[in-house]
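Source file: my_file19.pdb; contents: PDB, C-alpha atoms and all ligand atoms.
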```pdb
ATOM      1  CA  MET A 683     177.320   5.516 141.116  1.00  0.00           C
ATOM      2  CA  LYS A 684     177.700   9.281 141.467  1.00  0.00           C
ATOM      3  CA  PRO A 685     175.804  10.708 144.466  1.00  0.00           C
ATOM      4  CA  THR A 686     172.974  13.233 144.210  1.00  0.00           C
ATOM      5  CA  GLN A 687     173.638  16.277 146.355  1.00  0.00           C
ATOM      6  CA  GLN A 688     170.649  18.147 147.824  1.00  0.00           C
ATOM      7  CA  LEU A 689     171.632  21.817 147.689  1.00  0.00           C
ATOM      8  CA  ALA A 690     168.538  23.540 149.057  1.00  0.00           C
ATOM      9  CA  GLU A 691     164.817  23.216 149.538  1.00  0.00           C
ATOM     10  CA  THR A 692     161.805  25.403 150.233  1.00  0.00           C
ATOM     11  CA  LYS A 693     158.019  25.159 150.498  1.00  0.00           C
ATOM     12  CA  THR A 694     155.653  26.465 147.840  1.00  0.00           C
ATOM     13  CA  PRO A 695     152.498  28.408 148.831  1.00  0.00           C
ATOM     14  CA  ASP A 696     150.591  25.110 148.328  1.00  0.00           C
ATOM     15  CA  GLY A 697     152.887  23.384 150.852  1.00  0.00           C
ATOM     16  CA  ALA A 698     154.841  21.296 148.344  1.00  0.00           C
ATOM     17  CA  THR A 699     158.588  20.816 148.712  1.00  0.00           C
ATOM     18  CA  LEU A 700     160.626  22.478 145.980  1.00  0.00           C
ATOM     19  CA  SER A 701     164.252  21.371 145.945  1.00  0.00           C
ATOM     20  CA  LEU A 702     167.458  22.019 144.061  1.00  0.00           C
ATOM     21  CA  SER A 703     169.904  19.174 143.580  1.00  0.00           C
ATOM     22  CA  ARG A 704     173.118  18.437 141.693  1.00  0.00           C
ATOM     23  CA  HIS A 705     174.087  15.118 140.143  1.00  0.00           C
ATOM     24  CA  ASP A 706     177.146  14.497 138.013  1.00  0.00           C
ATOM     25  CA  GLY A 707     177.527  18.224 137.259  1.00  0.00           C
ATOM     26  CA  GLU A 708     173.851  18.666 136.276  1.00  0.00           C
ATOM     27  CA  TYR A 709     171.290  20.613 138.321  1.00  0.00           C
ATOM     28  CA  GLY A 710     167.622  19.837 138.776  1.00  0.00           C
ATOM     29  CA  ILE A 711     164.570  21.389 140.420  1.00  0.00           C
ATOM     30  CA  ARG A 712     162.075  18.907 141.851  1.00  0.00           C
ATOM     31  CA  ILE A 713     158.653  19.356 143.324  1.00  0.00           C
ATOM     32  CA  ASN A 714     157.675  16.747 145.921  1.00  0.00           C
ATOM     33  CA  GLY A 715     160.446  14.606 144.443  1.00  0.00           C
ATOM     34  CA  MET A 716     159.149  14.856 140.841  1.00  0.00           C
ATOM     35  CA  ASN A 717     161.348  16.402 138.182  1.00  0.00           C
ATOM     36  CA  LEU A 718     160.213  19.946 137.290  1.00  0.00           C
ATOM     37  CA  MET A 719     163.218  20.648 135.120  1.00  0.00           C
ATOM     38  CA  ASN A 720     166.930  19.996 134.880  1.00  0.00           C
ATOM     39  CA  THR A 721     169.967  21.365 133.109  1.00  0.00           C
ATOM     40  CA  ARG A 722     170.384  18.227 130.945  1.00  0.00           C
ATOM     41  CA  ASN A 723     166.973  18.718 129.297  1.00  0.00           C
ATOM     42  CA  SER A 724     166.806  22.404 128.553  1.00  0.00           C
ATOM     43  CA  ALA A 725     166.465  22.612 124.759  1.00  0.00           C
ATOM     44  CA  SER A 726     162.718  23.321 124.825  1.00  0.00           C
ATOM     45  CA  GLU A 727     163.133  26.081 127.436  1.00  0.00           C
ATOM     46  CA  LEU A 728     165.762  27.726 125.218  1.00  0.00           C
ATOM     47  CA  GLU A 729     163.555  27.301 122.160  1.00  0.00           C
ATOM     48  CA  LEU A 730     160.649  28.880 124.039  1.00  0.00           C
ATOM     49  CA  GLY A 731     162.714  31.995 124.717  1.00  0.00           C
ATOM     50  CA  GLU A 732     163.973  32.225 121.127  1.00  0.00           C
ATOM     51  CA  ARG A 733     160.576  31.657 119.522  1.00  0.00           C
ATOM     52  CA  GLY A 734     158.911  34.049 121.959  1.00  0.00           C
ATOM     53  CA  CYS A 735     161.174  36.846 120.674  1.00  0.00           C
ATOM     54  CA  GLU A 736     161.007  36.018 116.948  1.00  0.00           C
ATOM     55  CA  ARG A 737     158.790  38.956 116.098  1.00  0.00           C
ATOM     56  CA  LEU A 738     160.719  41.623 117.977  1.00  0.00           C
ATOM     57  CA  ALA A 739     163.292  42.334 115.265  1.00  0.00           C
ATOM     58  CA  GLY A 740     163.344  46.025 114.399  1.00  0.00           C
ATOM     59  CA  LEU A 741     161.257  47.089 117.402  1.00  0.00           C
ATOM     60  CA  ALA A 742     162.732  49.870 119.529  1.00  0.00           C
ATOM     61  CA  GLU A 743     162.860  49.201 123.269  1.00  0.00           C
ATOM     62  CA  PRO A 744     160.862  45.988 123.238  1.00  0.00           C
ATOM     63  CA  ARG A 745     159.412  44.891 126.541  1.00  0.00           C
ATOM     64  CA  ILE A 746     159.276  41.189 127.330  1.00  0.00           C
ATOM     65  CA  LEU A 747     157.637  39.558 130.312  1.00  0.00           C
ATOM     66  CA  ILE A 748     158.886  36.118 131.373  1.00  0.00           C
ATOM     67  CA  GLY A 749     156.760  34.103 133.778  1.00  0.00           C
ATOM     68  CA  GLY A 750     158.946  31.671 135.751  1.00  0.00           C
ATOM     69  CA  LEU A 751     162.731  31.921 136.193  1.00  0.00           C
ATOM     70  CA  GLY A 752     163.461  28.255 136.965  1.00  0.00           C
ATOM     71  CA  LEU A 753     167.053  27.484 135.983  1.00  0.00           C
ATOM     72  CA  GLY A 754     167.252  30.547 133.736  1.00  0.00           C
ATOM     73  CA  PHE A 755     167.423  28.935 130.273  1.00  0.00           C
ATOM     74  CA  THR A 756     164.441  30.808 128.857  1.00  0.00           C
ATOM     75  CA  LEU A 757     165.768  34.079 130.260  1.00  0.00           C
ATOM     76  CA  ARG A 758     169.182  33.383 128.697  1.00  0.00           C
ATOM     77  CA  ALA A 759     167.600  32.699 125.300  1.00  0.00           C
ATOM     78  CA  VAL A 760     165.524  35.884 125.514  1.00  0.00           C
ATOM     79  CA  LEU A 761     168.579  37.961 126.423  1.00  0.00           C
ATOM     80  CA  GLU A 762     170.506  36.456 123.510  1.00  0.00           C
ATOM     81  CA  SER A 763     167.625  37.265 121.140  1.00  0.00           C
ATOM     82  CA  VAL A 764     167.124  40.933 121.996  1.00  0.00           C
ATOM     83  CA  GLY A 765     169.247  44.068 121.756  1.00  0.00           C
ATOM     84  CA  PRO A 766     170.707  46.355 124.417  1.00  0.00           C
ATOM     85  CA  ASP A 767     167.594  48.551 124.579  1.00  0.00           C
ATOM     86  CA  ALA A 768     165.235  45.716 125.521  1.00  0.00           C
ATOM     87  CA  ARG A 769     163.631  45.495 128.939  1.00  0.00           C
ATOM     88  CA  VAL A 770     163.034  42.018 130.303  1.00  0.00           C
ATOM     89  CA  ILE A 771     160.808  41.604 133.328  1.00  0.00           C
ATOM     90  CA  VAL A 772     161.008  38.226 135.058  1.00  0.00           C
ATOM     91  CA  ALA A 773     158.231  37.295 137.457  1.00  0.00           C
ATOM     92  CA  GLU A 774     159.257  34.446 139.764  1.00  0.00           C
ATOM     93  CA  LEU A 775     156.928  33.206 142.487  1.00  0.00           C
ATOM     94  CA  MET A 776     159.532  31.610 144.737  1.00  0.00           C
ATOM     95  CA  PRO A 777     162.165  33.797 146.495  1.00  0.00           C
ATOM     96  CA  ALA A 778     164.344  30.685 146.881  1.00  0.00           C
ATOM     97  CA  VAL A 779     164.515  30.139 143.110  1.00  0.00           C
ATOM     98  CA  ILE A 780     165.902  33.649 142.674  1.00  0.00           C
ATOM     99  CA  GLU A 781     168.428  33.010 145.439  1.00  0.00           C
ATOM    100  CA  TRP A 782     169.422  29.621 143.933  1.00  0.00           C
ATOM    101  CA  ASN A 783     170.114  31.293 140.593  1.00  0.00           C
ATOM    102  CA  ARG A 784     172.429  33.772 142.288  1.00  0.00           C
ATOM    103  CA  ARG A 785     174.079  31.320 144.670  1.00  0.00           C
ATOM    104  CA  PHE A 786     174.355  28.010 142.812  1.00  0.00           C
ATOM    105  CA  LEU A 787     173.574  28.494 139.136  1.00  0.00           C
ATOM    106  CA  GLU A 788     175.987  31.159 137.912  1.00  0.00           C
ATOM    107  CA  ASN A 789     178.064  28.512 136.158  1.00  0.00           C
ATOM    108  CA  VAL A 790     174.971  27.218 134.315  1.00  0.00           C
ATOM    109  CA  ASN A 791     173.719  30.320 132.508  1.00  0.00           C
ATOM    110  CA  GLY A 792     175.946  33.120 133.817  1.00  0.00           C
ATOM    111  CA  ARG A 793     174.975  36.121 135.928  1.00  0.00           C
ATOM    112  CA  LEU A 794     171.686  36.655 134.148  1.00  0.00           C
ATOM    113  CA  LEU A 795     170.039  38.567 136.953  1.00  0.00           C
ATOM    114  CA  GLU A 796     172.792  41.184 136.881  1.00  0.00           C
ATOM    115  CA  ASP A 797     172.146  42.020 133.232  1.00  0.00           C
ATOM    116  CA  PRO A 798     171.025  45.685 133.198  1.00  0.00           C
ATOM    117  CA  ARG A 799     168.131  44.776 130.907  1.00  0.00           C
ATOM    118  CA  VAL A 800     166.634  42.464 133.508  1.00  0.00           C
ATOM    119  CA  GLU A 801     164.208  43.367 136.259  1.00  0.00           C
ATOM    120  CA  VAL A 802     163.330  40.429 138.468  1.00  0.00           C
ATOM    121  CA  ARG A 803     160.131  40.607 140.465  1.00  0.00           C
ATOM    122  CA  CYS A 804     159.473  38.086 143.198  1.00  0.00           C
ATOM    123  CA  GLU A 805     155.732  37.710 142.734  1.00  0.00           C
ATOM    124  CA  ASP A 806     153.047  35.706 140.993  1.00  0.00           C
ATOM    125  CA  VAL A 807     153.071  36.562 137.291  1.00  0.00           C
ATOM    126  CA  PHE A 808     149.317  37.050 137.623  1.00  0.00           C
ATOM    127  CA  ALA A 809     150.053  40.062 139.874  1.00  0.00           C
ATOM    128  CA  THR A 810     152.746  41.299 137.474  1.00  0.00           C
ATOM    129  CA  LEU A 811     150.270  41.250 134.596  1.00  0.00           C
ATOM    130  CA  ALA A 812     147.719  43.199 136.604  1.00  0.00           C
ATOM    131  CA  ALA A 813     150.366  45.755 137.618  1.00  0.00           C
ATOM    132  CA  LEU A 814     151.791  46.217 134.115  1.00  0.00           C
ATOM    133  CA  GLY A 815     148.370  46.998 132.674  1.00  0.00           C
ATOM    134  CA  ALA A 816     147.130  47.074 129.097  1.00  0.00           C
ATOM    135  CA  GLU A 817     149.378  46.779 126.033  1.00  0.00           C
ATOM    136  CA  ALA A 818     152.522  46.776 128.150  1.00  0.00           C
ATOM    137  CA  CYS A 819     154.406  43.937 126.462  1.00  0.00           C
ATOM    138  CA  ASP A 820     155.710  43.042 123.016  1.00  0.00           C
ATOM    139  CA  ALA A 821     156.133  39.436 124.071  1.00  0.00           C
ATOM    140  CA  ILE A 822     155.073  37.294 127.009  1.00  0.00           C
ATOM    141  CA  VAL A 823     156.948  34.054 127.576  1.00  0.00           C
ATOM    142  CA  LEU A 824     155.273  31.772 130.068  1.00  0.00           C
ATOM    143  CA  ASP A 825     156.802  28.699 131.661  1.00  0.00           C
ATOM    144  CA  ILE A 826     155.434  28.706 135.176  1.00  0.00           C
ATOM    145  CA  ASP A 827     154.252  25.152 135.408  1.00  0.00           C
ATOM    146  CA  ASN A 828     153.636  21.882 133.644  1.00  0.00           C
ATOM    147  CA  GLY A 829     151.126  23.631 131.386  1.00  0.00           C
ATOM    148  CA  PRO A 830     147.355  24.010 131.721  1.00  0.00           C
ATOM    149  CA  THR A 831     147.320  21.160 134.300  1.00  0.00           C
ATOM    150  CA  PRO A 832     149.450  22.593 137.104  1.00  0.00           C
ATOM    151  CA  MET A 833     152.009  20.841 139.268  1.00  0.00           C
ATOM    152  CA  VAL A 834     153.702  23.786 141.059  1.00  0.00           C
ATOM    153  CA  GLN A 835     150.673  25.746 142.216  1.00  0.00           C
ATOM    154  CA  GLN A 836     146.976  24.953 141.733  1.00  0.00           C
ATOM    155  CA  THR A 837     146.025  28.614 141.189  1.00  0.00           C
ATOM    156  CA  ASN A 838     148.269  28.658 138.103  1.00  0.00           C
ATOM    157  CA  ARG A 839     145.346  26.980 136.333  1.00  0.00           C
ATOM    158  CA  ARG A 840     143.631  30.393 136.159  1.00  0.00           C
ATOM    159  CA  LEU A 841     146.205  31.788 133.698  1.00  0.00           C
ATOM    160  CA  TYR A 842     145.402  29.046 131.193  1.00  0.00           C
ATOM    161  CA  GLY A 843     141.658  29.590 131.510  1.00  0.00           C
ATOM    162  CA  ARG A 844     139.441  32.038 129.640  1.00  0.00           C
ATOM    163  CA  SER A 845     139.917  34.998 132.001  1.00  0.00           C
ATOM    164  CA  GLY A 846     143.668  34.373 132.335  1.00  0.00           C
ATOM    165  CA  LEU A 847     144.078  34.326 128.575  1.00  0.00           C
ATOM    166  CA  GLY A 848     142.073  37.563 128.464  1.00  0.00           C
ATOM    167  CA  LEU A 849     144.518  39.126 130.932  1.00  0.00           C
ATOM    168  CA  LEU A 850     147.512  37.922 128.890  1.00  0.00           C
ATOM    169  CA  LYS A 851     145.956  39.246 125.710  1.00  0.00           C
ATOM    170  CA  ASP A 852     145.216  42.639 127.277  1.00  0.00           C
ATOM    171  CA  ALA A 853     148.850  42.901 128.365  1.00  0.00           C
ATOM    172  CA  LEU A 854     150.122  42.419 124.808  1.00  0.00           C
ATOM    173  CA  LYS A 855     150.534  45.073 122.169  1.00  0.00           C
ATOM    174  CA  ALA A 856     148.697  44.618 118.859  1.00  0.00           C
ATOM    175  CA  THR A 857     151.713  42.911 117.289  1.00  0.00           C
ATOM    176  CA  GLY A 858     152.585  40.893 120.376  1.00  0.00           C
ATOM    177  CA  ARG A 859     153.297  37.208 120.839  1.00  0.00           C
ATOM    178  CA  LEU A 860     152.447  34.943 123.738  1.00  0.00           C
ATOM    179  CA  ALA A 861     154.705  31.864 123.960  1.00  0.00           C
ATOM    180  CA  ILE A 862     153.754  29.111 126.384  1.00  0.00           C
ATOM    181  CA  TRP A 863     155.537  25.897 127.385  1.00  0.00           C
ATOM    182  CA  SER A 864     153.435  22.824 128.051  1.00  0.00           C
ATOM    183  CA  ALA A 865     154.413  19.253 128.946  1.00  0.00           C
ATOM    184  CA  ALA A 866     151.600  17.875 126.797  1.00  0.00           C
ATOM    185  CA  ARG A 867     149.266  18.963 124.015  1.00  0.00           C
ATOM    186  CA  ASP A 868     145.919  20.073 125.337  1.00  0.00           C
ATOM    187  CA  GLY A 869     143.107  20.393 122.788  1.00  0.00           C
ATOM    188  CA  ALA A 870     140.776  22.304 125.096  1.00  0.00           C
ATOM    189  CA  PHE A 871     143.526  24.829 125.844  1.00  0.00           C
ATOM    190  CA  GLU A 872     144.229  25.223 122.112  1.00  0.00           C
ATOM    191  CA  ASN A 873     140.527  25.953 121.555  1.00  0.00           C
ATOM    192  CA  ARG A 874     140.573  28.551 124.323  1.00  0.00           C
ATOM    193  CA  LEU A 875     143.614  30.258 122.781  1.00  0.00           C
ATOM    194  CA  GLU A 876     141.883  30.425 119.398  1.00  0.00           C
ATOM    195  CA  ARG A 877     138.584  31.552 120.890  1.00  0.00           C
ATOM    196  CA  ALA A 878     140.488  34.325 122.706  1.00  0.00           C
ATOM    197  CA  GLY A 879     141.468  35.591 119.256  1.00  0.00           C
ATOM    198  CA  PHE A 880     145.076  34.436 119.025  1.00  0.00           C
ATOM    199  CA  ARG A 881     146.579  33.023 115.797  1.00  0.00           C
ATOM    200  CA  LEU A 882     148.038  29.786 117.062  1.00  0.00           C
ATOM    201  CA  GLN A 883     151.052  27.697 116.094  1.00  0.00           C
ATOM    202  CA  VAL A 884     151.589  24.421 117.903  1.00  0.00           C
ATOM    203  CA  VAL A 885     155.277  23.510 117.965  1.00  0.00           C
ATOM    204  CA  PRO A 886     156.456  20.075 119.140  1.00  0.00           C
ATOM    205  CA  ALA A 887     159.754  20.538 120.991  1.00  0.00           C
ATOM    206  CA  LYS A 888     162.619  18.241 121.979  1.00  0.00           C
ATOM    207  CA  ALA A 889     163.991  18.082 125.505  1.00  0.00           C
ATOM    208  CA  TYR A 890     167.594  17.879 124.267  1.00  0.00           C
ATOM    209  CA  PRO A 891     169.094  18.422 120.804  1.00  0.00           C
ATOM    210  CA  GLY A 892     169.678  14.759 119.876  1.00  0.00           C
ATOM    211  CA  ALA A 893     166.325  13.473 121.186  1.00  0.00           C
ATOM    212  CA  LYS A 894     164.570  11.062 118.794  1.00  0.00           C
ATOM    213  CA  ARG A 895     161.189  12.683 119.192  1.00  0.00           C
ATOM    214  CA  PRO A 896     159.587  15.758 120.733  1.00  0.00           C
ATOM    215  CA  SER A 897     158.484  15.415 124.327  1.00  0.00           C
ATOM    216  CA  CYS A 898     156.685  18.680 124.986  1.00  0.00           C
ATOM    217  CA  THR A 899     154.743  21.416 123.232  1.00  0.00           C
ATOM    218  CA  LEU A 900     155.304  25.118 122.674  1.00  0.00           C
ATOM    219  CA  TYR A 901     152.290  27.264 121.941  1.00  0.00           C
ATOM    220  CA  LEU A 902     153.009  30.423 119.937  1.00  0.00           C
ATOM    221  CA  ALA A 903     149.941  32.631 120.072  1.00  0.00           C
ATOM    222  CA  ASP A 904     150.051  35.820 118.023  1.00  0.00           C
ATOM    223  CA  MET A 905     147.794  38.814 118.345  1.00  0.00           C
ATOM    224  CA  ALA A 906     145.540  39.130 115.357  1.00  0.00           C
ATOM    225  CA  GLY A 907     146.801  42.668 114.675  1.00  0.00           C
ATOM    226  CA  ALA A 908     150.250  41.262 113.920  1.00  0.00           C
TER
HETATM  227  C1  LIG A1001     159.551  24.952 134.903  1.00  0.00           C
HETATM  228  S1  LIG A1001     160.249  26.261 135.788  1.00  0.00           S
HETATM  229  C2  LIG A1001     160.702  27.406 134.524  1.00  0.00           C
HETATM  230  C3  LIG A1001     161.892  26.961 133.779  1.00  0.00           C
HETATM  231  C4  LIG A1001     162.520  28.052 132.938  1.00  0.00           C
HETATM  232  N1  LIG A1001     161.781  28.247 131.691  1.00  0.00           N
HETATM  233  C5  LIG A1001     163.980  27.755 132.620  1.00  0.00           C
HETATM  234  O1  LIG A1001     164.392  27.991 131.468  1.00  0.00           O
HETATM  235  O2  LIG A1001     164.710  27.293 133.490  1.00  0.00           O
HETATM  236  C6  LIG A1001     158.822  27.082 136.429  1.00  0.00           C
HETATM  237  C7  LIG A1001     159.174  28.280 137.301  1.00  0.00           C
HETATM  238  O3  LIG A1001     158.009  29.080 137.447  1.00  0.00           O
HETATM  239  C8  LIG A1001     157.879  29.479 138.802  1.00  0.00           C
HETATM  240  N2  LIG A1001     156.444  29.759 139.031  1.00  0.00           N
HETATM  241  C9  LIG A1001     155.457  28.877 139.265  1.00  0.00           C
HETATM  242  N3  LIG A1001     154.268  29.502 139.334  1.00  0.00           N
HETATM  243  C10 LIG A1001     154.517  30.826 139.123  1.00  0.00           C
HETATM  244  C11 LIG A1001     153.700  31.978 139.057  1.00  0.00           C
HETATM  245  N4  LIG A1001     152.385  31.895 139.220  1.00  0.00           N
HETATM  246  N5  LIG A1001     154.287  33.173 138.821  1.00  0.00           N
HETATM  247  C12 LIG A1001     155.635  33.263 138.654  1.00  0.00           C
HETATM  248  N6  LIG A1001     156.463  32.199 138.708  1.00  0.00           N
HETATM  249  C13 LIG A1001     155.913  30.994 138.912  1.00  0.00           C
HETATM  250  C14 LIG A1001     158.442  28.296 139.564  1.00  0.00           C
HETATM  251  O4  LIG A1001     158.812  28.648 140.876  1.00  0.00           O
HETATM  252  C15 LIG A1001     159.623  27.893 138.701  1.00  0.00           C
HETATM  253  O5  LIG A1001     160.765  28.630 139.026  1.00  0.00           O
END
```
Re-express the file's structure as structure tokens.
Amino acid sequence: MKPTQQLAETKTPDGATLSLSRHDGEYGIRINGMNLMNTRNSASELELGERGCERLAGLAEPRILIGGLGLGFTLRAVLESVGPDARVIVAELMPAVIEWNRRFLENVNGRLLEDPRVEVRCEDVFATLAALGAEACDAIVLDIDNGPTPMVQQTNRRLYGRSGLGLLKDALKATGRLAIWSAARDGAFENRLERAGFRLQVVPAKAYPGAKRPSCTLYLADMAGA
């Protein structure tokens, strides 16, 4: 059996252990030993980035906010979907995750953080949203946690609640799209998105291209002005 190599670990603000490992050429991030994501199952993260940018065609200098860098798949998909004049802000809570991307993950998705379109901010995306202010983004692509029921950080719950959705909505332009990754469908969250005024599409997504069935959900929430 091929060994699993622990490459690095750090503590989250909640005191959980976040670790990066490599097994048989694949990389994975775990939280307290549970899989958060890995390079083998990255199709839904790529799809999130692509679908998040679907409505940007023809827009000059679009601005996209990504919440959560992880292994960089969503960022790669966003960069492949937008032109040279786009600006992509990535908010990543954990300094170690940014370092791991630079130190260990170049051969996974390339030198994404050196792309001149990218600005990486080591902070909670909640703070980024507050700092960017109203109508700052054409798209917001959020994959910071398991979904509305958090695993990485308990305070992430606030972004999926009524006031968090209000903050996300305020940060979007009138034609903007909010794209959110979730491990499971969540009816109450869907109701909150609709009550916040978004036009909602619920997209079942596969973890890898040949998977028999979808294993997670993408929420595409469009501003009503779109
Ligand atoms: C599931 S991973 C994202 C995976 C990513 N979509 C990809 O393609 O690899 C979640 C990431 O969000 C980060 N994160 C968690 N809470 C956050 C927050 N409140 N603000 C910013 N980043 C956060 C985690 O440290 C982790 O890197």
Any chance you could resolve the PyMOL selection byres (((chain A and resi 866) around 9) and not hetatm) against this file and give the residues as an mmCIF file with C-alpha atoms, in the frame of the given file?
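part-v3.cif written:
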```cif
data_model
loop_
_atom_site.group_PDB
_atom_site.id
_atom_site.type_symbol
_atom_site.label_atom_id
_atom_site.label_comp_id
_atom_site.auth_asym_id
_atom_site.auth_seq_id
_atom_site.Cartn_x
_atom_site.Cartn_y
_atom_site.Cartn_z
ATOM 1 C CA ASN A 828 153.636 21.882 133.644
ATOM 2 C CA GLY A 829 151.126 23.631 131.386
ATOM 3 C CA PRO A 830 147.355 24.010 131.721
ATOM 4 C CA TRP A 863 155.537 25.897 127.385
ATOM 5 C CA SER A 864 153.435 22.824 128.051
ATOM 6 C CA ALA A 865 154.413 19.253 128.946
ATOM 7 C CA ARG A 867 149.266 18.963 124.015
ATOM 8 C CA ASP A 868 145.919 20.073 125.337
ATOM 9 C CA SER A 897 158.484 15.415 124.327
ATOM 10 C CA CYS A 898 156.685 18.680 124.986
ATOM 11 C CA THR A 899 154.743 21.416 123.232
#
```
*Which residue of A:Glu736, A:Glu691, A:Glu762, A:Asp806 approaches Leu860 of chain A most closely, using all atoms listed in the file*: A:Glu736
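Put simply, atom CA of Lys684 of chain A is 23.3 Å away from atom CA of Asn783 of chain A.
Residue membership of the PyMOL selection byres (((not hetatm)) within 6 of (chain A and resi 1001)) in the shown file amounts to Leu718, Met719, Glu727, Gly749, Gly750, Leu751, Gly752, Leu753, Gly754, Phe755, Thr756, Ala773, Glu774, Leu775, Met776, Val779, Asp806, Val807, Asp825, Ile826, Asp827, Val834, Gln835 and Asn838 of chain A.
When the PyMOL selection byres (((chain A and resi 889) around 9) and not hetatm) is evaluated on the file shown here, the picked residues come out as Arg722, Asn723, Ser724, Ala725, Ser726, Glu727, Ala887, Lys888, Tyr890, Pro891, Gly892, Ala893, Arg895, Pro896, Ser897 and Cys898 of chain A.
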*May I have the residues within 10 Å of Glu872 of chain A as a ChimeraX atom specification, using only C-alpha atoms and disregarding those fewer than 2 positions away in the same chain?*
/A:842,867-870,874-878,880,882-884,901,903
Selection above as a file: C-alpha atoms, as a PDB file, keeping the file's coordinate frame:
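Result went into again_36.pdb, see below:
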```pdb
ATOM      1  CA  TYR A 842     145.402  29.046 131.193  1.00  0.00           C
ATOM      2  CA  ARG A 867     149.266  18.963 124.015  1.00  0.00           C
ATOM      3  CA  ASP A 868     145.919  20.073 125.337  1.00  0.00           C
ATOM      4  CA  GLY A 869     143.107  20.393 122.788  1.00  0.00           C
ATOM      5  CA  ALA A 870     140.776  22.304 125.096  1.00  0.00           C
ATOM      6  CA  ARG A 874     140.573  28.551 124.323  1.00  0.00           C
ATOM      7  CA  LEU A 875     143.614  30.258 122.781  1.00  0.00           C
ATOM      8  CA  GLU A 876     141.883  30.425 119.398  1.00  0.00           C
ATOM      9  CA  ARG A 877     138.584  31.552 120.890  1.00  0.00           C
ATOM     10  CA  ALA A 878     140.488  34.325 122.706  1.00  0.00           C
ATOM     11  CA  PHE A 880     145.076  34.436 119.025  1.00  0.00           C
ATOM     12  CA  LEU A 882     148.038  29.786 117.062  1.00  0.00           C
ATOM     13  CA  GLN A 883     151.052  27.697 116.094  1.00  0.00           C
ATOM     14  CA  VAL A 884     151.589  24.421 117.903  1.00  0.00           C
ATOM     15  CA  TYR A 901     152.290  27.264 121.941  1.00  0.00           C
ATOM     16  CA  ALA A 903     149.941  32.631 120.072  1.00  0.00           C
TER      17      ALA A 903
END
```
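Proximity ranking of A:Leu728, A:Ala813, A:Val800, A:Met833 relative to Ala768 of chain A places A:Val800 first, based on only C-alpha atoms.
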_Report, in Å to a single decimal, how far apart atom CA of Gly731 of chain A and atom CA of Arg745 of chain A are._
13.4 Å
Can you pull out the residues contacting Pro766 of chain A? Cut-off 12 Å, using only C-alpha atoms, and skip same-chain residues under 3 positions away; I want them as a PDB file with C-alpha atoms, in the coordinates of the input.
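Below is the file out-v7.pdb, written as the result:
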```pdb
ATOM      1  CA  LEU A 741     161.257  47.089 117.402  1.00  0.00           C
ATOM      2  CA  ALA A 742     162.732  49.870 119.529  1.00  0.00           C
ATOM      3  CA  GLU A 743     162.860  49.201 123.269  1.00  0.00           C
ATOM      4  CA  PRO A 744     160.862  45.988 123.238  1.00  0.00           C
ATOM      5  CA  ARG A 745     159.412  44.891 126.541  1.00  0.00           C
ATOM      6  CA  VAL A 760     165.524  35.884 125.514  1.00  0.00           C
ATOM      7  CA  LEU A 761     168.579  37.961 126.423  1.00  0.00           C
ATOM      8  CA  GLU A 762     170.506  36.456 123.510  1.00  0.00           C
ATOM      9  CA  SER A 763     167.625  37.265 121.140  1.00  0.00           C
ATOM     10  CA  ARG A 769     163.631  45.495 128.939  1.00  0.00           C
ATOM     11  CA  VAL A 770     163.034  42.018 130.303  1.00  0.00           C
ATOM     12  CA  ASP A 797     172.146  42.020 133.232  1.00  0.00           C
ATOM     13  CA  PRO A 798     171.025  45.685 133.198  1.00  0.00           C
ATOM     14  CA  ARG A 799     168.131  44.776 130.907  1.00  0.00           C
ATOM     15  CA  VAL A 800     166.634  42.464 133.508  1.00  0.00           C
TER      16      VAL A 800
END
```
*Can you tell me how far atom CA of Ala809 of chain A sits from atom CA of Ala698 of chain A, in Å to one decimal?*
21.1 Å
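The environment of segment 815-823 of chain A within 8 Å, counting only C-alpha atoms and disregarding residues fewer than 4 places along the same chain, consists of Leu730, Gly731, Gly734, Cys735, Leu738, Pro744, Arg745, Ile746, Leu747, Ile748, Gly749, Leu811, Leu850, Asp852, Ala853, Leu854, Lys855, Ala856, Thr857, Gly858, Arg859, Leu860, Ala861 and Ile862 of chain A.
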*Do a neighbour search on Glu708 of chain A at 9 Å with all atoms listed in the file, toss out local chain neighbours closer than 5 positions, and write the hits as a PyMOL selection string.*
chain A and resi 703+720-722+790
*Using only C-alpha atoms, pick whichever of A:Arg793, A:Phe871, A:Leu787, A:Gly765 has the shortest atom-to-atom distance to Thr831 of chain A.*
A:Phe871
